[in-house]
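First up is the structure itself, then whatever we jot down about it.
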Amino acid sequence: MHLLEPRANPSHLMRWSGPPIAILLTLLAAAALFAALGKPPLQAFYVFFIEPLETSNGWSELALKASPLVLIAQGLALGFRARIYNIGAEGQLLMGAVFASGVAIYTEGMEGVWILPLMVLAGALGGALWGAVPAWLKTHFNAEETLTTLMLTYVATYLLSYLVSGPWRDPGGTNFPQSILFGESAMFIPLFEGLRLNSSIFITLLAVPVFWLFVARSFRAYQLTVGGLAPAAARYAGFSGRAAIWMSLVISGLTAGLAGAMEAAGPVGQLTLSLSPGYGYAAIIVAWVGRLHPVGILLSGLLMALIYIGGEAAQVSMQLPSAISWLFQGMLLFFLLGVDVFVDYRFRRRRDKRLMVREEAGA
Amino acid sequence: MMIDSLVPILAGTLAAATPLIFAGLGELVAEKSGVINLGVEGMMLIGAVAGFAAALSWGTSAGLLFGAFAGALAALPFAFLTLSLGANQSASGLATTIFGIGLSAFIGQFYVSHALPGMKALAIPGLAHIPLLGPVLFNQPPVVYLAFVIYGALAWMLARTRWGLVLRAVGESPEAAHAIGYPVLAIRYGAVCFGGAMAGLGGAYLSTIYTPLWVENMVAGRGWIAVALVVFAAWKPTRLMFGACLFGGMTILQLQAQGFGLAVPSQLLSAVPYLATILVLMAISRDRKKLQLNLPASLGKPFVPGE
């Protein structure tokens with residue numbers, strides 16, 4: 001079991017080739033899975049990864065799905081740098097959607113350009129609040145954020161379920177647990193005729209450079225990174241651990257909340273139970289695969305969106321269950337974590353005996 | 001007559017606590033060896049679907065056994081990554097959970113809308129007739145007794161045997177245990193796989209006896225609650241049993257409240273166990289020194305022999 005030995009210096013080659021290698025390994029595992037299911041792997045790959053991109057609608061869907069993933073992952077990556085593991089972005093997304101939908105529901109029948117911005121603000125606020133709770137629990141009660149953020153996700157799910165089956169249920173609709181359909185003033189505008197891609201994409205496109213500037217240029221982000229890499233050094237330098245906790249959780253909650261508002265006022269157009277296909281969880285993987293780097297996250301977000309779309313396509317044309325995208329996501333993270341070890345370690349080599357003698361003589 | 005109405009509540013509490021006892025005790029052993037596995041939810045799901053599939057063909061007992069086996073298998077990728085390769089334990093556990101959600105839903109598609117007979121209660125002669133305690137404690141499916149047997153064996157093993165001592169030594173100071181000549185990684189492999197087997201058993205109990213149906217994502221956060229329970233229990237088996245029963249009771253009480261038609265909406269009542277977990281974490285983590293005292297010293301830190 002003594003497989004590894006430390007490298008003298010971290011390998012830059014492995015650091016940057018890690019994600020592509022992990023993706024390749026996931027594809028190989030996927031091919032094996034398809035073959036085992038009796039589906040020709042090449043045809044499955046075609047359905048999964050190529051066919052969706054042959055139409056303009058496919059590209060629109062890709063951008064539509066990548067947008068929330070990238071936005072949430074930008075926020076999460078900030079905390080991950082400081083080793084603050086917010087794994088409840090799904091709940092923060094739902095709360096963002098709830099807050100934004102609240103605005104849309106209470107302004108029903110009204111018109112005005114102020115409604116949509118107000119919804120976006122409310123969504124950001126909802127998510128940030130849902131992220132602030134675990135921050136408070138961590139700074140005041142030392143409660144593990146991994147567990148509290150996740151528990152709050154379940155609470156958010158039940159709260160959403162209560163709202164759409166109770167006070168916010170569409171009075172004119174069927175008995176389904178869903179709200180009214182939002183009015184035109186409460187929706188993002190489609191960018192192209194007949195496609196679902198909407199103007200909310202600009203929020204994500206703005207967020208990428210903002211996060212890049214923040215991470216690359218600001219002292220605050222530097223403090224976060226130091227706190228994650230060398231907690232003792234960070235304390236010695238007087239960087240506040242509490243500030244890092246608050247900042248990481250509130251900002252990642254805020255981006256998740258924004259994504260929730262974008263979903264509710266975008267492709268979904270109302271508040272429903274099935275508002276998010278697990279974007280909050282997938283974004284965790286997007287952040288890791290993107291190396292916690294704003295540009296890397298953009299690329300990995302597009303890849304993850306493709307996995308989602310491919311999963312839907314495979315469901316329709318090959319009768320594979322949509323759960324297959326979760327399976328691929330888990331494998332991708334497994335492979336990445338495995339490959340990543342080789343940034344700092346390498347396989348223990350059988351050493352040449354003469355070399356060892358020479359080394360001993362030298363010592 | 002008051003006592004008679006208490007029986008179903010208390011018996012239900014024990015039934016609801018059983019999966020938490022299994023999964024919690026398994027995670028406790030893994031953490032005692034210094035490894036925190038956040039994949040409990042995923043391993044429970046894999047155990048649930050594998051157990052359900054096996055139970056359909058070979059009966060409930062085989063289902064439980066198979067669920068435990070599948071859970072142990074599901075722990076292997078995590079064990080390889082974190083132990084042989086020294087990868088980040090939190091992230092690897094999360095990967096296990098995500099993978100488990102996907103794999104179980106994938107396999108489970110073939111088993112939706114099948115039903116199982118469950119497992120009949122086994123009344124223990126004599127004891128089952130004690131008023132109140134009898135029907136609550138001694139008229140349960142055999143697997144509930146198994147949970148108590150495993151608890152007893154583990155509590156004894158951890159506190160009184162050489163095996164327990166070695167396990168704790170590996171968790172407190174892997175360097176020292178390695179220097180004395182104990183195979184740290186092999187012991188951790190064993191502890192993590194035991195944790196997986198217990199999570200799988202808990203999951204299989206849910207799908208073959210408690211529900212007994214396969215529903216996608218049916219573990220519904222119990223794996224995460226089990227992880228929280230280990231913290232709440234301060235890594236002590238007896239406190240873990242107490243905590244599991246507390247949560248089992250909470251689940252049953254909110255169901256009862258829904259049944260009585262309480263004015264509180266059912267969805268808000270359903271959120272109670274999760275809120276309670278947060279409250280419990282607040283109460284228990286607040287005293288950092290006390291937490292540090294019980295925490296296995298090497299928890300979460302990778303160990304590379306000879307470094």
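Within each chain, counting starts at residue 1; across the structure tokens, chains are named A, B, ... in the order shown, with ligands numbered 1 upward in that order.
For chain A, the residues within 7 Å of chain B are Met1, His2, Leu3, Leu137, Phe141, Asn142, Ala143, Leu147, Thr148, Met151, Tyr154, Val155, Tyr158, Leu159, Ser161, Tyr162, Pro321, Ala323, Ile324, Trp326, Leu327, Gly330, Met331, Leu333, Phe334, Leu337, Gly338 and Val341 of chain A, with only C-alpha atoms used to measure distance.
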Would you list the contacts of segment 289-294 of chain A as a VMD selection string, taking every protein, DNA or RNA residue within 10 Å and counting only C-alpha atoms, but skipping same-chain residues closer than 4 positions in sequence?
chain A and resid 15 to 16 18 to 20 22 to 23 70 to 71 73 to 81 207 to 216 283 to 285 298 to 301 303 to 304 332 to 333 336 to 337
If we count only C-alpha atoms, what is near segment 198-206 of chain B at a cut-off of 6 Å, once residues fewer than 2 positions away on the same chain are taken out, given as a PyMOL selection string?
chain B and resi 19+22-23+26+43-45+47-48+51+64+67-68+71+195-196+208-211
So that I can check the surroundings of segment 88-102 of chain A, please list as a PyMOL selection string every protein, DNA and RNA residue that reaches within 7 Å of it, counting only C-alpha atoms and ignoring chain neighbours fewer than 6 positions away.
chain A and resi 119-120+122-124+126-127+130-131+149-150+152-153+156-157+160+253+256-261+264+271+278-281
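Within 9 Å of Leu25 of chain B, once only C-alpha atoms are used and residues closer than 6 positions along the same chain are dropped, the contacting residues are B:Ile150, B:Tyr151, B:Leu154, B:Gly195, B:Met198, B:Ala199, B:Ala226, B:Val230, B:Pro237, B:Leu240, B:Met241.
The space between atom CA of Gly39 of chain B and atom CA of Gly243 of chain B spans 20.1 Å.
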Selection near Ala15 of chain B, 12 Å with only C-alpha atoms, sequence-local residues under 4 positions removed, as a PyMOL selection string
chain B and resi 8-11+19-22+119+121+136-137+139-145+147-148+202+205-206+209-211+244-249+251-252
Could you take the residues named above and write them with N, CA and C atoms, as an mmCIF file, in the first residue's frame?
data_model
loop_
_atom_site.group_PDB
_atom_site.id
_atom_site.type_symbol
_atom_site.label_atom_id
_atom_site.label_comp_id
_atom_site.auth_asym_id
_atom_site.auth_seq_id
_atom_site.Cartn_x
_atom_site.Cartn_y
_atom_site.Cartn_z
ATOM 1 N N PRO B 8 -47.258 2.485 20.402
ATOM 2 C CA PRO B 8 -46.856 2.663 18.998
ATOM 3 C C PRO B 8 -45.834 3.792 18.817
ATOM 4 N N ILE B 9 -45.948 4.844 19.615
ATOM 5 C CA ILE B 9 -45.001 5.956 19.484
ATOM 6 C C ILE B 9 -43.594 5.491 19.826
ATOM 7 N N LEU B 10 -43.465 4.787 20.943
ATOM 8 C CA LEU B 10 -42.131 4.352 21.371
ATOM 9 C C LEU B 10 -41.580 3.260 20.460
ATOM 10 N N ALA B 11 -42.450 2.325 20.078
ATOM 11 C CA ALA B 11 -41.977 1.268 19.177
ATOM 12 C C ALA B 11 -41.567 1.873 17.836
ATOM 13 N N PRO B 19 -32.010 2.718 11.470
ATOM 14 C CA PRO B 19 -31.042 3.036 10.403
ATOM 15 C C PRO B 19 -29.976 4.026 10.874
ATOM 16 N N LEU B 20 -30.378 4.961 11.744
ATOM 17 C CA LEU B 20 -29.406 5.933 12.259
ATOM 18 C C LEU B 20 -28.390 5.242 13.160
ATOM 19 N N ILE B 21 -28.850 4.233 13.919
ATOM 20 C CA ILE B 21 -27.925 3.492 14.783
ATOM 21 C C ILE B 21 -26.886 2.772 13.935
ATOM 22 N N PHE B 22 -27.354 2.038 12.921
ATOM 23 C CA PHE B 22 -26.416 1.313 12.058
ATOM 24 C C PHE B 22 -25.409 2.276 11.435
ATOM 25 N N MET B 119 -40.524 -7.390 7.342
ATOM 26 C CA MET B 119 -40.049 -8.438 8.244
ATOM 27 C C MET B 119 -40.957 -8.489 9.458
ATOM 28 N N ALA B 121 -42.377 -9.045 13.197
ATOM 29 C CA ALA B 121 -41.798 -8.845 14.524
ATOM 30 C C ALA B 121 -41.571 -10.194 15.193
ATOM 31 N N VAL B 136 -42.625 -2.536 23.373
ATOM 32 C CA VAL B 136 -41.746 -1.542 22.749
ATOM 33 C C VAL B 136 -40.399 -2.157 22.416
ATOM 34 N N LEU B 137 -39.790 -2.839 23.388
ATOM 35 C CA LEU B 137 -38.412 -3.308 23.216
ATOM 36 C C LEU B 137 -38.326 -4.728 22.697
ATOM 37 N N ASN B 139 -40.738 -6.717 21.041
ATOM 38 C CA ASN B 139 -41.620 -7.204 19.992
ATOM 39 C C ASN B 139 -41.313 -6.430 18.713
ATOM 40 N N GLN B 140 -40.069 -6.597 18.245
ATOM 41 C CA GLN B 140 -39.575 -5.859 17.087
ATOM 42 C C GLN B 140 -39.053 -6.849 16.051
ATOM 43 N N PRO B 141 -38.868 -6.406 14.802
ATOM 44 C CA PRO B 141 -38.218 -7.286 13.831
ATOM 45 C C PRO B 141 -36.807 -7.624 14.323
ATOM 46 N N PRO B 142 -36.312 -8.833 14.038
ATOM 47 C CA PRO B 142 -35.003 -9.238 14.555
ATOM 48 C C PRO B 142 -33.881 -8.242 14.246
ATOM 49 N N VAL B 143 -33.987 -7.527 13.131
ATOM 50 C CA VAL B 143 -32.902 -6.628 12.747
ATOM 51 C C VAL B 143 -32.741 -5.484 13.756
ATOM 52 N N VAL B 144 -33.839 -5.126 14.442
ATOM 53 C CA VAL B 144 -33.727 -4.082 15.467
ATOM 54 C C VAL B 144 -32.904 -4.606 16.649
ATOM 55 N N TYR B 145 -33.123 -5.889 16.989
ATOM 56 C CA TYR B 145 -32.285 -6.481 18.046
ATOM 57 C C TYR B 145 -30.827 -6.483 17.612
ATOM 58 N N ALA B 147 -29.298 -4.348 15.834
ATOM 59 C CA ALA B 147 -28.712 -3.027 16.054
ATOM 60 C C ALA B 147 -28.198 -2.925 17.483
ATOM 61 N N PHE B 148 -28.982 -3.446 18.426
ATOM 62 C CA PHE B 148 -28.558 -3.353 19.828
ATOM 63 C C PHE B 148 -27.388 -4.286 20.120
ATOM 64 N N GLY B 202 -27.987 -0.102 7.125
ATOM 65 C CA GLY B 202 -29.015 0.885 7.484
ATOM 66 C C GLY B 202 -29.906 1.202 6.297
ATOM 67 N N TYR B 205 -32.148 -1.720 5.526
ATOM 68 C CA TYR B 205 -33.246 -1.776 6.500
ATOM 69 C C TYR B 205 -34.379 -0.840 6.057
ATOM 70 N N LEU B 206 -33.990 0.368 5.602
ATOM 71 C CA LEU B 206 -35.008 1.332 5.161
ATOM 72 C C LEU B 206 -35.826 0.778 3.996
ATOM 73 N N ILE B 209 -37.515 -3.102 5.072
ATOM 74 C CA ILE B 209 -38.357 -3.322 6.251
ATOM 75 C C ILE B 209 -39.141 -2.071 6.642
ATOM 76 N N TYR B 210 -38.464 -0.939 6.674
ATOM 77 C CA TYR B 210 -39.108 0.263 7.208
ATOM 78 C C TYR B 210 -40.160 0.793 6.246
ATOM 79 N N THR B 211 -39.805 0.874 4.953
ATOM 80 C CA THR B 211 -40.757 1.490 4.012
ATOM 81 C C THR B 211 -41.859 0.538 3.525
ATOM 82 N N ALA B 244 -29.627 8.733 18.455
ATOM 83 C CA ALA B 244 -30.413 8.113 17.386
ATOM 84 C C ALA B 244 -31.866 7.954 17.815
ATOM 85 N N CYS B 245 -32.080 7.558 19.090
ATOM 86 C CA CYS B 245 -33.456 7.405 19.579
ATOM 87 C C CYS B 245 -34.164 8.755 19.658
ATOM 88 N N LEU B 246 -33.406 9.775 20.042
ATOM 89 C CA LEU B 246 -33.964 11.131 20.088
ATOM 90 C C LEU B 246 -34.494 11.532 18.712
ATOM 91 N N PHE B 247 -33.670 11.258 17.672
ATOM 92 C CA PHE B 247 -34.075 11.636 16.319
ATOM 93 C C PHE B 247 -35.192 10.740 15.810
ATOM 94 N N GLY B 248 -35.118 9.446 16.168
ATOM 95 C CA GLY B 248 -36.199 8.556 15.792
ATOM 96 C C GLY B 248 -37.511 9.061 16.383
ATOM 97 N N GLY B 249 -37.454 9.471 17.655
ATOM 98 C CA GLY B 249 -38.641 9.989 18.333
ATOM 99 C C GLY B 249 -39.187 11.234 17.653
ATOM 100 N N THR B 251 -38.886 12.047 14.511
ATOM 101 C CA THR B 251 -39.520 11.653 13.247
ATOM 102 C C THR B 251 -40.932 11.147 13.500
ATOM 103 N N ILE B 252 -41.067 10.295 14.525
ATOM 104 C CA ILE B 252 -42.373 9.713 14.811
ATOM 105 C C ILE B 252 -43.345 10.777 15.325
#
For Ser113 of chain B, list every protein, DNA or RNA residue within 10 Å, evaluated using only C-alpha atoms, and leave out those in the same chain fewer than 5 positions away; present the list as a PyMOL selection string.
chain B and resi 213-215
May I have the residues from that selection written out with N, CA, C and O atoms, as a PDB file, in the first residue's frame?
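Saved file part.pdb follows:
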ATOM      1  N   LEU B 213     -40.232  -0.179   0.350  1.00  0.00           N
ATOM      2  CA  LEU B 213     -40.353   0.142  -1.076  1.00  0.00           C
ATOM      3  C   LEU B 213     -39.032   0.739  -1.520  1.00  0.00           C
ATOM      4  O   LEU B 213     -38.280   1.221  -0.679  1.00  0.00           O
ATOM      5  N   TRP B 214     -38.764   0.716  -2.824  1.00  0.00           N
ATOM      6  CA  TRP B 214     -37.649   1.516  -3.299  1.00  0.00           C
ATOM      7  C   TRP B 214     -38.197   2.809  -3.894  1.00  0.00           C
ATOM      8  O   TRP B 214     -39.064   2.791  -4.762  1.00  0.00           O
ATOM      9  N   VAL B 215     -37.715   3.935  -3.369  1.00  0.00           N
ATOM     10  CA  VAL B 215     -38.073   5.241  -3.904  1.00  0.00           C
ATOM     11  C   VAL B 215     -36.761   5.987  -4.130  1.00  0.00           C
ATOM     12  O   VAL B 215     -35.862   5.904  -3.291  1.00  0.00           O
TER      13      VAL B 215
END
Out of segment 73-276 of chain B, which residues get strand (DSSP E) from DSSP, as number ranges by chain?
B: 122-123, 139-140
With N, CA and C atoms retained, export the selected residues as a PDB file, in the first residue's frame.
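Listing of out.pdb after writing:
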ATOM      1  N   LEU B 122     -40.527 -10.274  15.947  1.00  0.00           N
ATOM      2  CA  LEU B 122     -40.222 -11.500  16.683  1.00  0.00           C
ATOM      3  C   LEU B 122     -40.377 -11.190  18.167  1.00  0.00           C
ATOM      4  N   ALA B 123     -41.461 -11.699  18.764  1.00  0.00           N
ATOM      5  CA  ALA B 123     -41.688 -11.443  20.188  1.00  0.00           C
ATOM      6  C   ALA B 123     -40.768 -12.343  20.994  1.00  0.00           C
ATOM      7  N   ASN B 139     -40.738  -6.717  21.041  1.00  0.00           N
ATOM      8  CA  ASN B 139     -41.620  -7.204  19.992  1.00  0.00           C
ATOM      9  C   ASN B 139     -41.313  -6.430  18.713  1.00  0.00           C
ATOM     10  N   GLN B 140     -40.069  -6.597  18.245  1.00  0.00           N
ATOM     11  CA  GLN B 140     -39.575  -5.859  17.087  1.00  0.00           C
ATOM     12  C   GLN B 140     -39.053  -6.849  16.051  1.00  0.00           C
TER      13      GLN B 140
END
Would you compute the distance between atom CA of Gln319 of chain A and atom CA of Phe52 of chain B? Give it in Å to one decimal.
22.6 Å
